[in-house]
Amino acid sequence: MRTKSQSSVNLKVIFTCCSILIFLIIFFARSNISSSSSKPLSETNLSQEEVENQHKPKGCPTTQQCTKMPISLSDALVHYVTSNVTPQQTFDEVSVSKRVLDKKSPCNFLVFGLGHDSLMWASLNHGGRTLFIEEDKAWIETVTNKFPNLESYHVVYDTKVKNSDKLMELGRSEECTSVTDPRNSKCDLALKDFPADFYETKWDLIMVDAPTGYHEEAPGRMSAIYTAGLLARNREDGETDVFVHDVNRPVEDEFSATFLCKGYMREQNGRLRHFTIPSHRARAGRPFCPVDVDHRR
């Protein structure tokens with residue numbers, strides 16, 4: 001009888017222990033499921049893409065499709081769709097510079113002139129720096145009040161179109177064919193009093209579409225064209241694409257051919273010329289213009 005009683009007791013103990021063990025297993029399993037469902041999606045086993053998609057509003061299947069349009073681009077779209085003002089350059093002329101921007105942007109883009117096409121240039125160089133150099137302070141205020149994201153400097157020119165022949169003769173001197181920082185140049189054509197980063201930035205593209213040059217008392221683009229070429233030659237390495245507009249006029253025609261050099265000219269489309277000027281500091285002894293086509297020989 002003692003043996004049977006002990007056996008009965010042992011079976012009860014084993015049964016009780018097994019019941020408790022099963023209860024604990026079920027309890028912890030439910031706790032884990034509840035805990036897992038209460039965690040943020042980023043803490044589960046979902047991939048990062050699945051986590052982001054969980055939080056996307058309906059109609060946004062991918063991150064790329066749901067990226068917000070930059071303000072500069074939306075401003076440009078609204079401006080040109082609603083404007084009756086025609087930009088200074090034709091479609092074919094703009095396309096020349098756009099092809100280069102397509103390859104180089106985002107980049108450093110220097111533009112002489114703040115005009116009706118300025119918002120377009122800044123938008124085509126989205127993500128880069130586009131700086132506009134303008135002679136008319138009132139016009140800067142008008143444009144930047146409407147488009148405050150445009151960066152511009154007010155500058156003063158001390159030349160006159162009526163003196164362009166004299167400046168061309170001065171430009172043939174040895175002082176004007178020496179490559180240096182324009183601030184240190186002894187050439188009277190060099191622009192020396194502009195803001196510091198005008199000289200210290202490595203410009204990838206330069207557009208000369210200002211200052212005013214259609215009458216004798218206007219400042220003309222003689223110094224702008226010469227200095228654009230000097231900035232390009234004086235960079236440490238690489239090359240700069242320089243564009244000159246209105247080459248149907250004598251000053252723009254002669255000064256671009258002489259100081260940007262026919263040997264560096266890539267193409268002309270309508271009134272626009274495109275030059276690609278290499279660094280002269282990167283290779284010592286490089287002539288001011290390619291020797292075989294030096295326009296001034």
# chains A, B, ... in the order shown; residues from 1 in each chain; ligands from 1

call {"tool": "residues_around", "arguments": {"residues": "Asn234 (chain A)", "least_positions_apart": "6", "cutoff": "8 Å", "atoms": "only C-alpha atoms", "output": "PyMOL selection string"}}
result
chain A and resi 179-181+279-281

call {"tool": "residues_around", "arguments": {"residues": "Ser164 (chain A)", "least_positions_apart": "4", "cutoff": "10 Å", "atoms": "only C-alpha atoms", "output": "number ranges by chain"}}
result
A: 159-160, 168-170, 216, 219-223, 250-251, 254-255

call {"tool": "write_last_selection", "arguments": {"atoms": "C-alpha atoms", "output": "PDB file, in the first residue's frame"}}
result
ATOM      1  CA  THR A 159      34.691 101.309 -69.750  1.00  0.00           C
ATOM      2  CA  LYS A 160      32.777 102.717 -72.731  1.00  0.00           C
ATOM      3  CA  MET A 168      41.834  96.405 -78.202  1.00  0.00           C
ATOM      4  CA  GLU A 169      45.244  97.952 -78.845  1.00  0.00           C
ATOM      5  CA  LEU A 170      46.063  97.846 -75.129  1.00  0.00           C
ATOM      6  CA  GLU A 216      28.522 104.190 -77.634  1.00  0.00           C
ATOM      7  CA  PRO A 219      30.091 100.088 -70.721  1.00  0.00           C
ATOM      8  CA  GLY A 220      30.367  97.314 -73.314  1.00  0.00           C
ATOM      9  CA  ARG A 221      31.619  93.782 -72.805  1.00  0.00           C
ATOM     10  CA  MET A 222      35.314  94.305 -73.520  1.00  0.00           C
ATOM     11  CA  SER A 223      36.474  93.790 -69.932  1.00  0.00           C
ATOM     12  CA  PRO A 250      31.674  94.292 -83.459  1.00  0.00           C
ATOM     13  CA  VAL A 251      32.850  94.366 -79.817  1.00  0.00           C
ATOM     14  CA  GLU A 254      36.393  90.956 -82.102  1.00  0.00           C
ATOM     15  CA  PHE A 255      37.063  90.673 -78.377  1.00  0.00           C
TER      16      PHE A 255
END

call {"tool": "closest_residue", "arguments": {"among": "A:Pro278, A:Gly270, A:Gly263, A:Pro106", "to": "Glu239 (chain A)", "atoms": "only C-alpha atoms"}}
result
A:Pro278

call {"tool": "closest_residue", "arguments": {"among": "A:Gly213, A:Gly285, A:Pro148, A:Gly113", "to": "Ser178 (chain A)", "atoms": "only C-alpha atoms"}}
result
A:Gly285

call {"tool": "atom_distance", "arguments": {"atom1": "CA of Val96 (chain A)", "atom2": "CA of Asp241 (chain A)"}}
result
10.9 Å

call {"tool": "atom_distance", "arguments": {"atom1": "CA of Leu110 (chain A)", "atom2": "CA of Ile133 (chain A)"}}
result
7.8 Å

call {"tool": "select_by_dssp", "arguments": {"residues": "region 142-280 of chain A", "states": "alpha helix (DSSP H)", "output": "PyMOL selection string"}}
result
chain A and resi 142-146+164-171+196-200+222-234+250-256

call {"tool": "select_by_dssp", "arguments": {"residues": "region 34-283 of chain A", "states": "strand (DSSP E or B)", "output": "VMD selection string"}}
result
chain A and resid 108 to 112 129 to 134 151 to 154 205 to 208 239 to 245 265 to 269 272 to 278

call {"tool": "write_last_selection", "arguments": {"atoms": "C-alpha atoms", "output": "mmCIF file, in the first residue's frame"}}
result
data_model
loop_
_atom_site.group_PDB
_atom_site.id
_atom_site.type_symbol
_atom_site.label_atom_id
_atom_site.label_comp_id
_atom_site.auth_asym_id
_atom_site.auth_seq_id
_atom_site.Cartn_x
_atom_site.Cartn_y
_atom_site.Cartn_z
ATOM 1 C CA ASN A 108 29.882 76.675 -60.581
ATOM 2 C CA PHE A 109 28.252 78.886 -63.207
ATOM 3 C CA LEU A 110 29.143 82.587 -63.544
ATOM 4 C CA VAL A 111 26.769 84.746 -65.590
ATOM 5 C CA PHE A 112 27.444 88.349 -66.612
ATOM 6 C CA ARG A 129 25.998 77.636 -57.684
ATOM 7 C CA THR A 130 24.856 80.185 -60.260
ATOM 8 C CA LEU A 131 26.071 83.740 -59.663
ATOM 9 C CA PHE A 132 24.805 86.716 -61.674
ATOM 10 C CA ILE A 133 26.871 89.875 -62.142
ATOM 11 C CA GLU A 134 24.692 92.902 -62.850
ATOM 12 C CA GLU A 151 22.307 85.082 -56.169
ATOM 13 C CA SER A 152 23.581 88.318 -57.694
ATOM 14 C CA TYR A 153 26.234 90.991 -57.191
ATOM 15 C CA HIS A 154 25.965 94.627 -58.163
ATOM 16 C CA LEU A 205 30.959 77.754 -67.012
ATOM 17 C CA ILE A 206 30.986 81.484 -67.709
ATOM 18 C CA MET A 207 28.291 83.241 -69.725
ATOM 19 C CA VAL A 208 28.974 86.779 -71.012
ATOM 20 C CA GLU A 239 38.977 73.711 -68.301
ATOM 21 C CA THR A 240 36.213 76.303 -68.428
ATOM 22 C CA ASP A 241 33.423 76.608 -70.969
ATOM 23 C CA VAL A 242 32.883 80.254 -71.881
ATOM 24 C CA PHE A 243 29.888 81.532 -73.844
ATOM 25 C CA VAL A 244 29.569 84.975 -75.422
ATOM 26 C CA HIS A 245 26.231 86.284 -76.678
ATOM 27 C CA MET A 265 36.145 78.026 -80.094
ATOM 28 C CA ARG A 266 33.924 74.934 -80.171
ATOM 29 C CA GLU A 267 30.959 76.277 -82.110
ATOM 30 C CA GLN A 268 28.843 79.261 -83.032
ATOM 31 C CA ASN A 269 25.074 79.061 -83.175
ATOM 32 C CA LEU A 272 26.249 82.707 -79.442
ATOM 33 C CA ARG A 273 29.834 81.455 -79.390
ATOM 34 C CA HIS A 274 31.124 78.630 -77.234
ATOM 35 C CA PHE A 275 34.782 78.409 -76.204
ATOM 36 C CA THR A 276 36.517 75.772 -74.079
ATOM 37 C CA ILE A 277 39.611 77.246 -72.424
ATOM 38 C CA PRO A 278 42.095 75.017 -70.559
#

call {"tool": "residues_around", "arguments": {"residues": "region 190-198 of chain A", "least_positions_apart": "2", "cutoff": "7 Å", "atoms": "only C-alpha atoms", "output": "list in words"}}
result
Val155, Pro182, Arg183, Ser185, Cys187, Asp188, Glu200, Thr201, Ser223, Tyr226 and Thr227 of chain A

call {"tool": "atom_distance", "arguments": {"atom1": "CA of Asn145 (chain A)", "atom2": "CA of His116 (chain A)"}}
result
13.9 Å

call {"tool": "decode", "arguments": {"residues": "region 178-193 of chain A", "atoms": "all heavy atoms", "output": "mmCIF file, in the first residue's frame"}}
result
data_model
loop_
_atom_site.group_PDB
_atom_site.id
_atom_site.type_symbol
_atom_site.label_atom_id
_atom_site.label_comp_id
_atom_site.auth_asym_id
_atom_site.auth_seq_id
_atom_site.Cartn_x
_atom_site.Cartn_y
_atom_site.Cartn_z
ATOM 1 N N SER A 178 49.697 88.034 -70.125
ATOM 2 C CA SER A 178 50.242 87.329 -68.958
ATOM 3 C C SER A 178 49.085 86.750 -68.154
ATOM 4 O O SER A 178 48.120 87.455 -67.864
ATOM 5 C CB SER A 178 51.057 88.287 -68.083
ATOM 6 O OG SER A 178 52.163 88.803 -68.796
ATOM 7 N N VAL A 179 49.196 85.491 -67.810
ATOM 8 C CA VAL A 179 48.127 84.819 -67.066
ATOM 9 C C VAL A 179 48.360 84.977 -65.571
ATOM 10 O O VAL A 179 49.392 84.561 -65.034
ATOM 11 C CB VAL A 179 48.049 83.329 -67.443
ATOM 12 C CG1 VAL A 179 47.001 82.613 -66.585
ATOM 13 C CG2 VAL A 179 47.725 83.176 -68.927
ATOM 14 N N THR A 180 47.406 85.587 -64.902
ATOM 15 C CA THR A 180 47.504 85.819 -63.459
ATOM 16 C C THR A 180 46.105 86.054 -62.897
ATOM 17 O O THR A 180 45.123 86.104 -63.648
ATOM 18 C CB THR A 180 48.411 87.037 -63.170
ATOM 19 O OG1 THR A 180 48.574 87.181 -61.756
ATOM 20 C CG2 THR A 180 47.797 88.313 -63.734
ATOM 21 N N ASP A 181 46.009 86.186 -61.595
ATOM 22 C CA ASP A 181 44.755 86.578 -60.964
ATOM 23 C C ASP A 181 44.395 87.971 -61.490
ATOM 24 O O ASP A 181 45.242 88.879 -61.476
ATOM 25 C CB ASP A 181 44.948 86.607 -59.437
ATOM 26 C CG ASP A 181 43.648 86.874 -58.683
ATOM 27 O OD1 ASP A 181 42.910 87.797 -59.071
ATOM 28 O OD2 ASP A 181 43.398 86.187 -57.684
ATOM 29 N N PRO A 182 43.172 88.173 -61.988
ATOM 30 C CA PRO A 182 42.812 89.492 -62.535
ATOM 31 C C PRO A 182 43.088 90.644 -61.583
ATOM 32 O O PRO A 182 43.393 91.761 -62.013
ATOM 33 C CB PRO A 182 41.312 89.344 -62.815
ATOM 34 C CG PRO A 182 41.122 87.884 -63.061
ATOM 35 C CD PRO A 182 42.077 87.193 -62.139
ATOM 36 N N ARG A 183 43.008 90.395 -60.267
ATOM 37 C CA ARG A 183 43.259 91.455 -59.288
ATOM 38 C C ARG A 183 44.701 91.926 -59.327
ATOM 39 O O ARG A 183 45.020 93.050 -58.929
ATOM 40 C CB ARG A 183 42.906 90.971 -57.881
ATOM 41 C CG ARG A 183 41.427 90.764 -57.639
ATOM 42 C CD ARG A 183 41.140 90.090 -56.323
ATOM 43 N NE ARG A 183 41.591 88.701 -56.305
ATOM 44 C CZ ARG A 183 41.367 87.845 -55.319
ATOM 45 N NH1 ARG A 183 40.698 88.246 -54.245
ATOM 46 N NH2 ARG A 183 41.794 86.595 -55.386
ATOM 47 N N ASN A 184 45.592 91.054 -59.797
ATOM 48 C CA ASN A 184 47.023 91.394 -59.845
ATOM 49 C C ASN A 184 47.489 91.746 -61.246
ATOM 50 O O ASN A 184 48.669 92.040 -61.452
ATOM 51 C CB ASN A 184 47.851 90.210 -59.323
ATOM 52 C CG ASN A 184 47.472 89.827 -57.902
ATOM 53 O OD1 ASN A 184 47.156 90.696 -57.084
ATOM 54 N ND2 ASN A 184 47.509 88.534 -57.598
ATOM 55 N N SER A 185 46.573 91.719 -62.197
ATOM 56 C CA SER A 185 46.947 91.976 -63.580
ATOM 57 C C SER A 185 47.275 93.451 -63.806
ATOM 58 O O SER A 185 46.675 94.341 -63.203
ATOM 59 C CB SER A 185 45.798 91.554 -64.509
ATOM 60 O OG SER A 185 46.088 91.896 -65.847
ATOM 61 N N LYS A 186 48.237 93.692 -64.692
ATOM 62 C CA LYS A 186 48.589 95.061 -65.070
ATOM 63 C C LYS A 186 47.845 95.504 -66.327
ATOM 64 O O LYS A 186 48.071 96.608 -66.820
ATOM 65 C CB LYS A 186 50.099 95.156 -65.292
ATOM 66 C CG LYS A 186 50.916 94.911 -64.024
ATOM 67 C CD LYS A 186 52.407 95.033 -64.293
ATOM 68 C CE LYS A 186 53.203 94.790 -63.018
ATOM 69 N NZ LYS A 186 54.675 94.889 -63.251
ATOM 70 N N CYS A 187 46.989 94.634 -66.818
ATOM 71 C CA CYS A 187 46.214 94.945 -68.025
ATOM 72 C C CYS A 187 45.001 95.791 -67.658
ATOM 73 O O CYS A 187 44.247 95.461 -66.733
ATOM 74 C CB CYS A 187 45.775 93.650 -68.705
ATOM 75 S SG CYS A 187 44.796 93.919 -70.213
ATOM 76 N N ASP A 188 44.770 96.875 -68.395
ATOM 77 C CA ASP A 188 43.643 97.765 -68.113
ATOM 78 C C ASP A 188 42.289 97.117 -68.421
ATOM 79 O O ASP A 188 41.250 97.634 -67.987
ATOM 80 C CB ASP A 188 43.780 99.054 -68.934
ATOM 81 C CG ASP A 188 44.919 99.930 -68.434
ATOM 82 O OD1 ASP A 188 45.319 99.762 -67.266
ATOM 83 O OD2 ASP A 188 45.404 100.778 -69.211
ATOM 84 N N LEU A 189 42.289 96.015 -69.131
ATOM 85 C CA LEU A 189 41.047 95.333 -69.446
ATOM 86 C C LEU A 189 40.549 94.463 -68.289
ATOM 87 O O LEU A 189 39.367 94.103 -68.238
ATOM 88 C CB LEU A 189 41.228 94.437 -70.686
ATOM 89 C CG LEU A 189 41.114 95.121 -72.051
ATOM 90 C CD1 LEU A 189 41.601 94.181 -73.145
ATOM 91 C CD2 LEU A 189 39.669 95.532 -72.307
ATOM 92 N N ALA A 190 41.419 94.115 -67.373
ATOM 93 C CA ALA A 190 41.053 93.205 -66.284
ATOM 94 C C ALA A 190 40.137 93.891 -65.275
ATOM 95 O O ALA A 190 40.375 95.030 -64.878
ATOM 96 C CB ALA A 190 42.306 92.685 -65.597
ATOM 97 N N LEU A 191 39.093 93.185 -64.871
ATOM 98 C CA LEU A 191 38.188 93.674 -63.824
ATOM 99 C C LEU A 191 38.817 93.355 -62.477
ATOM 100 O O LEU A 191 39.030 92.187 -62.143
ATOM 101 C CB LEU A 191 36.821 92.989 -63.958
ATOM 102 C CG LEU A 191 36.071 93.282 -65.256
ATOM 103 C CD1 LEU A 191 34.861 92.363 -65.403
ATOM 104 C CD2 LEU A 191 35.638 94.743 -65.316
ATOM 105 N N LYS A 192 39.096 94.385 -61.672
ATOM 106 C CA LYS A 192 39.879 94.191 -60.454
ATOM 107 C C LYS A 192 39.129 94.451 -59.146
ATOM 108 O O LYS A 192 39.623 94.108 -58.082
ATOM 109 C CB LYS A 192 41.118 95.101 -60.484
ATOM 110 C CG LYS A 192 42.027 94.905 -61.682
ATOM 111 C CD LYS A 192 43.201 95.869 -61.619
ATOM 112 C CE LYS A 192 44.177 95.662 -62.768
ATOM 113 N NZ LYS A 192 43.606 96.068 -64.065
ATOM 114 N N ASP A 193 37.972 95.050 -59.195
ATOM 115 C CA ASP A 193 37.309 95.492 -57.961
ATOM 116 C C ASP A 193 35.999 94.768 -57.672
ATOM 117 O O ASP A 193 35.092 95.321 -57.044
ATOM 118 C CB ASP A 193 37.054 97.004 -58.021
ATOM 119 C CG ASP A 193 38.352 97.789 -58.131
ATOM 120 O OD1 ASP A 193 39.324 97.404 -57.461
ATOM 121 O OD2 ASP A 193 38.384 98.773 -58.895
#
